[in-house]
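In what follows, a structure is listed as structure tokens, so that the remarks can point back to it.
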Amino acid sequence: MKISKIEIKDFHQFKDFSIDLTYPKGHAKEGQPLDKVCFIGQSGTGKTTLLELIPMHLYSHETNLIKKSDPTSLSKKTKIHISYGKKYENSFEIELLWELNKDTKKMRLKWSWTNAKLNSLEADHDKAVEKLDEWWLKDVSSKMIYFPSSLNYDLDIENEIDINSDDIVDFSQQKVANVWNLILDNIQKYQEEELQIRQEISKTVEQSSNNLETIQKALKKLEDWKSIEFNPIQDVAENCLDKLLANFKLKVKTELDIKTKDDIGFIKVEDYHKNEIPNGLWSTGTKQVILSALPLYLLKPKHTIILFDEPERSLYPDLQRTIVDYYSSLADDCQFFYATHSPIISSSFDPWEIVELKFNEEGKIYREVYYEGENHVDNYKWNPKLMRWDDILQRVFDLQDDGSPLRREKLNELATYNVKYRKLEKKGALDQPEAKEIIKNIEKLSKELSSWN
Amino acid sequence: MRKIDKNYNVLLSTQYKTLVDNLESNSTKHPLSRTYYDDIAMELYKCQQGVCAYTERWICPKELYDSTLWVNGKYQNEDSAEYRRVDHAGEMDHFDPNLKKDKYWLWSNLFMIDATINSRKSNEQPSSFLKPDLDDYAPEKYFDYDEETHRFIPNTDIEDENTRDEIQRMIDNVLFLNHGVVRKDRENFINDIRLKQKYNTPYKVDRFFTAVNWCIELQ
């Protein structure tokens, strides 16, 4: 299921706001919903609100922010267009409106599902809902996932919690570490079997200490078992976390000395000298990486929507460059929505995937479009994937200055010497001592500035 | 930046002109109603050839200030038109902000400037001698242009240090002539013309007129 359009008539800072979320003309996927969307904009432009309106519409799921919003402020309709199916041939428009319940005199939310289409043709509303519920949501897609900007970094898992019990997997309301429960039983089973084989080896050594061949046979049995048995921790290490943790010179600890399920706890991490780093000493960047990537790997999301607020939190720039593509690689045909303040994160997006939110003169929000004329791939003014970081900062994030005031001062000085030199050149006075002094100053300033130009 | 000819007597917005003439002759305070905002904005763009009066960035397509859009002395442009009246990136600047109080719509005090520059400039007032429609104004009198760094600087021939400092402050903090993206766009534009001259392909100078004149011998 993917979203192709969001319309907000009047809600907080949004008024007559509408964003098209499909690929533009000239694109191979023209007209289809975007695979990923990046909301950017000054604080207060409603990036998180947009993210959190999505589960509200689709699953009547109230995330933290929506719970805190004054419900009566949603006084006019908001509408989300969704489509699903192999070629997005089925679609709906979901409208949401707060209205007064005449009996209870309380405000309540009213949903309406309109413009139902099956196989691109207008369809009976009930049949369309049935198909969505009984086929798509039940058999094809997995649950929507929401990563808020402040993840719960508590690493103590609660063994009895089922991460999949709610309408969506909402990490604004539950601990991320609880995803570990999804593989905890498998880890325990693996550990128990390993322990059993090791006990057999000990016994063999004890009973046939002089028979090298028997001992080797027993050891071979362990080796063979390890080579065919699926090791859930090894799997997480090799296929999900180790390539990210390599940035911090860390890796997942795969050799565990545990006896019971309670001993296992959350994932363990060690340095390259096999020194375990206690969970309490993990850096916030390490936690952020593990707690973002691990759920995606373990939940194996497919054909659903994934919401990420400020994925750059605590991450060094070199890691920010890679995570968007990495998260996409962990999901199967999902639509990602990101909200970010990071120019580096935004460089992972095509220009039509970026929704830049701005205030107009009245303080209402509009989307700044990056194309001129028709919405066609050839008409986009800039492309963050092709731009230098400073260009992205200046043009996409509107930080228009070149650098610090001191840099500006030095550049002004350099420009002045350049002009003075040229004026002397015109007068044929380059042999004057003044010209030599100017050259000296130009060289000095160029050295200070040019290595960064 | 360059000299702007703002001949009040040839305005197409005759309704606006009549209003202001009456207000002035009766020494009446100007109303704040924005009835003639578009008239004035588009007339100014016509005089400025669609560029910011200070930075000379291109901010308005010429279709928006085409003479045919004035009917019976009033600017008219339906929102359904291909180019809507709001499809420009400028804001109206009151050169002398002190005149806002009583003479808000005074033609000689108004210029269209890049909206991003306007929000940075706030109520800072440019030095009076830099008013682009003065009879004796010429950018060369006050500025120099460095082709290496593509920065405007105070004219190095001005001997009085205080005047040079004042012009530098204007460049950096009021007119924003060397502001990051403005400077970069200007450099790109000039380099693009140079490239087109080199390969003998057609080019059009529709912005950054002053800097182009400084750097390039037009063919």
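By order of appearance in the structure tokens: chains A, B, ..., then residues from 1 within every chain, and ligands from 1 in the order shown.
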
Show me, as CSV, the residues of chain A having an atom within 8 Å of chain B, each with the closest atom pair and its distance in Å, using only C-alpha atoms.
```
residue,atom,partner,partner_atom,distance
A:Gln394,CA,B:Val181,CA,6.7
A:Arg395,CA,B:Val181,CA,7.4
A:Gln400,CA,B:Gly180,CA,5.2
A:Asp401,CA,B:Gly180,CA,4.4
A:Asp402,CA,B:Gly180,CA,4.7
A:Leu411,CA,B:Thr149,CA,7.6
A:Asn412,CA,B:Ile153,CA,6.8
A:Ala415,CA,B:Asp146,CA,5.5
A:Thr416,CA,B:Ile153,CA,6.5
A:Asn418,CA,B:Asp146,CA,6.5
A:Val419,CA,B:Asp146,CA,5.7
A:Lys420,CA,B:Thr156,CA,6.9
```

Please produce a file of those selected residues containing C-alpha atoms, as a PDB file, in the first residue's frame.
```
ATOM      1  CA  GLN A 394      22.527  26.745   0.288  1.00  0.00           C
ATOM      2  CA  ARG A 395      19.832  25.928  -2.234  1.00  0.00           C
ATOM      3  CA  GLN A 400      22.391  30.997   1.728  1.00  0.00           C
ATOM      4  CA  ASP A 401      25.584  32.392   3.256  1.00  0.00           C
ATOM      5  CA  ASP A 402      28.979  31.172   2.058  1.00  0.00           C
ATOM      6  CA  LEU A 411      37.045  37.321   0.724  1.00  0.00           C
ATOM      7  CA  ASN A 412      36.245  41.040   0.625  1.00  0.00           C
ATOM      8  CA  ALA A 415      38.610  40.932  -3.938  1.00  0.00           C
ATOM      9  CA  THR A 416      39.874  44.423  -3.080  1.00  0.00           C
ATOM     10  CA  ASN A 418      42.564  41.754  -6.969  1.00  0.00           C
ATOM     11  CA  VAL A 419      40.853  44.916  -8.216  1.00  0.00           C
ATOM     12  CA  LYS A 420      43.714  47.148  -7.078  1.00  0.00           C
TER      13      LYS A 420
END
```

**Request:** Pick out the residues sitting within 10 Å of Pro126 in chain B, and hand them over as a list in words; count only C-alpha atoms, and ignore anything fewer than 5 positions along from it in its own chain.
**Result:**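 Those residues are Phe95, Asp96, Pro97, Lys121, Lys131, Glu166, Ile167, Arg169, Met170, Ile171, Asn173, Val174 and Leu175 of chain B.
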
Could you dump the residues just selected with C-alpha atoms as an mmCIF file, in the first residue's frame?
```cif
data_model
loop_
_atom_site.group_PDB
_atom_site.id
_atom_site.type_symbol
_atom_site.label_atom_id
_atom_site.label_comp_id
_atom_site.auth_asym_id
_atom_site.auth_seq_id
_atom_site.Cartn_x
_atom_site.Cartn_y
_atom_site.Cartn_z
ATOM 1 C CA PHE B 95 13.744 52.549 -0.110
ATOM 2 C CA ASP B 96 13.223 55.024 2.703
ATOM 3 C CA PRO B 97 11.237 53.091 5.339
ATOM 4 C CA LYS B 121 17.419 43.363 4.921
ATOM 5 C CA LYS B 131 19.074 55.007 -4.840
ATOM 6 C CA GLU B 166 29.639 52.467 4.439
ATOM 7 C CA ILE B 167 29.489 51.014 0.917
ATOM 8 C CA ARG B 169 28.240 47.575 4.831
ATOM 9 C CA MET B 170 25.647 48.222 2.124
ATOM 10 C CA ILE B 171 27.083 45.402 -0.011
ATOM 11 C CA ASN B 173 24.219 43.734 5.058
ATOM 12 C CA VAL B 174 21.695 45.832 3.152
ATOM 13 C CA LEU B 175 21.847 45.101 -0.566
#
```

**Spatial neighbours of Lys100 in chain B, max dist 10 Å, only C-alpha atoms, sep filter under 3 positions, as number ranges by chain** = B: 29-30, 32, 94-97, 103-106, 109

**Message:** Neighbouring residues of Gln49 in chain B were defined as those with any atom within 12 Å, considering only C-alpha atoms; residues of the same chain fewer than 3 positions away were excluded. Please report them as a VMD selection string.
**Reply:** chain B and resid 2 to 6 41 to 46 52 to 53 56 to 66 111 to 113 205 to 209

Using the selection just defined, write its residues with C-alpha atoms as a tab-separated table (two decimals), in the first residue's frame.
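The file below, part.tsv, is the result:
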```
chain	number	residue	atom	x	y	z
B	2	ARG	CA	22.25	49.58	-12.24
B	3	LYS	CA	20.46	52.84	-12.91
B	4	ILE	CA	16.69	52.39	-13.20
B	5	ASP	CA	14.51	54.70	-15.23
B	6	LYS	CA	11.19	55.06	-13.40
B	41	ALA	CA	4.70	45.72	-8.60
B	42	MET	CA	4.25	45.02	-12.29
B	43	GLU	CA	5.02	48.60	-13.33
B	44	LEU	CA	8.24	48.35	-11.31
B	45	TYR	CA	9.15	45.04	-12.92
B	46	LYS	CA	8.64	46.70	-16.28
B	52	CYS	CA	15.82	42.60	-8.35
B	53	ALA	CA	16.61	46.32	-8.13
B	56	GLU	CA	19.81	41.95	-10.34
B	57	ARG	CA	18.69	38.38	-9.83
B	58	TRP	CA	15.89	37.44	-12.22
B	59	ILE	CA	12.68	37.38	-10.20
B	60	CYS	CA	9.76	37.92	-12.58
B	61	PRO	CA	8.83	36.46	-16.00
B	62	LYS	CA	8.11	39.13	-18.60
B	63	GLU	CA	4.69	37.61	-19.36
B	64	LEU	CA	3.56	38.98	-15.99
B	65	TYR	CA	4.22	42.62	-16.87
B	66	ASP	CA	3.15	42.57	-20.48
B	111	PHE	CA	11.44	49.03	-5.86
B	112	MET	CA	10.87	45.31	-6.36
B	113	ILE	CA	13.58	43.20	-4.74
B	205	VAL	CA	21.67	38.80	-21.00
B	206	ASP	CA	18.49	39.11	-18.94
B	207	ARG	CA	19.97	39.49	-15.43
B	208	PHE	CA	23.11	40.58	-13.54
B	209	PHE	CA	23.46	43.41	-16.08
```

**Message:** I'd like the neighbourhood of Val269 in chain A as a list in words, where a residue qualifies if any of its atoms comes within 8 Å (using only C-alpha atoms), though same-chain residues fewer than 5 positions away should be ignored.
**Reply:** Leu250, Lys251, Val252, Lys253, Glu276, Ile277, Pro278 and Asn279 of chain A

**Message:** Using DSSP secondary structure from the backbone, list all helix (DSSP H, G or I) positions within range 203-353 of chain A, as a ChimeraX atom specification.
**Reply:** /A:203-207,212-228,232-248,261-264,279-281,284-299,317-329,343-346,351-353

**Request:** Between A:Ile306, A:Ile19, A:Leu414, A:Ile344, single out the one closest to His81 in chain A, counting only C-alpha atoms.
**Result:**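 Of A:Ile306, A:Ile19, A:Leu414, A:Ile344, the one nearest His81 in chain A, counting only C-alpha atoms, is A:Ile19.
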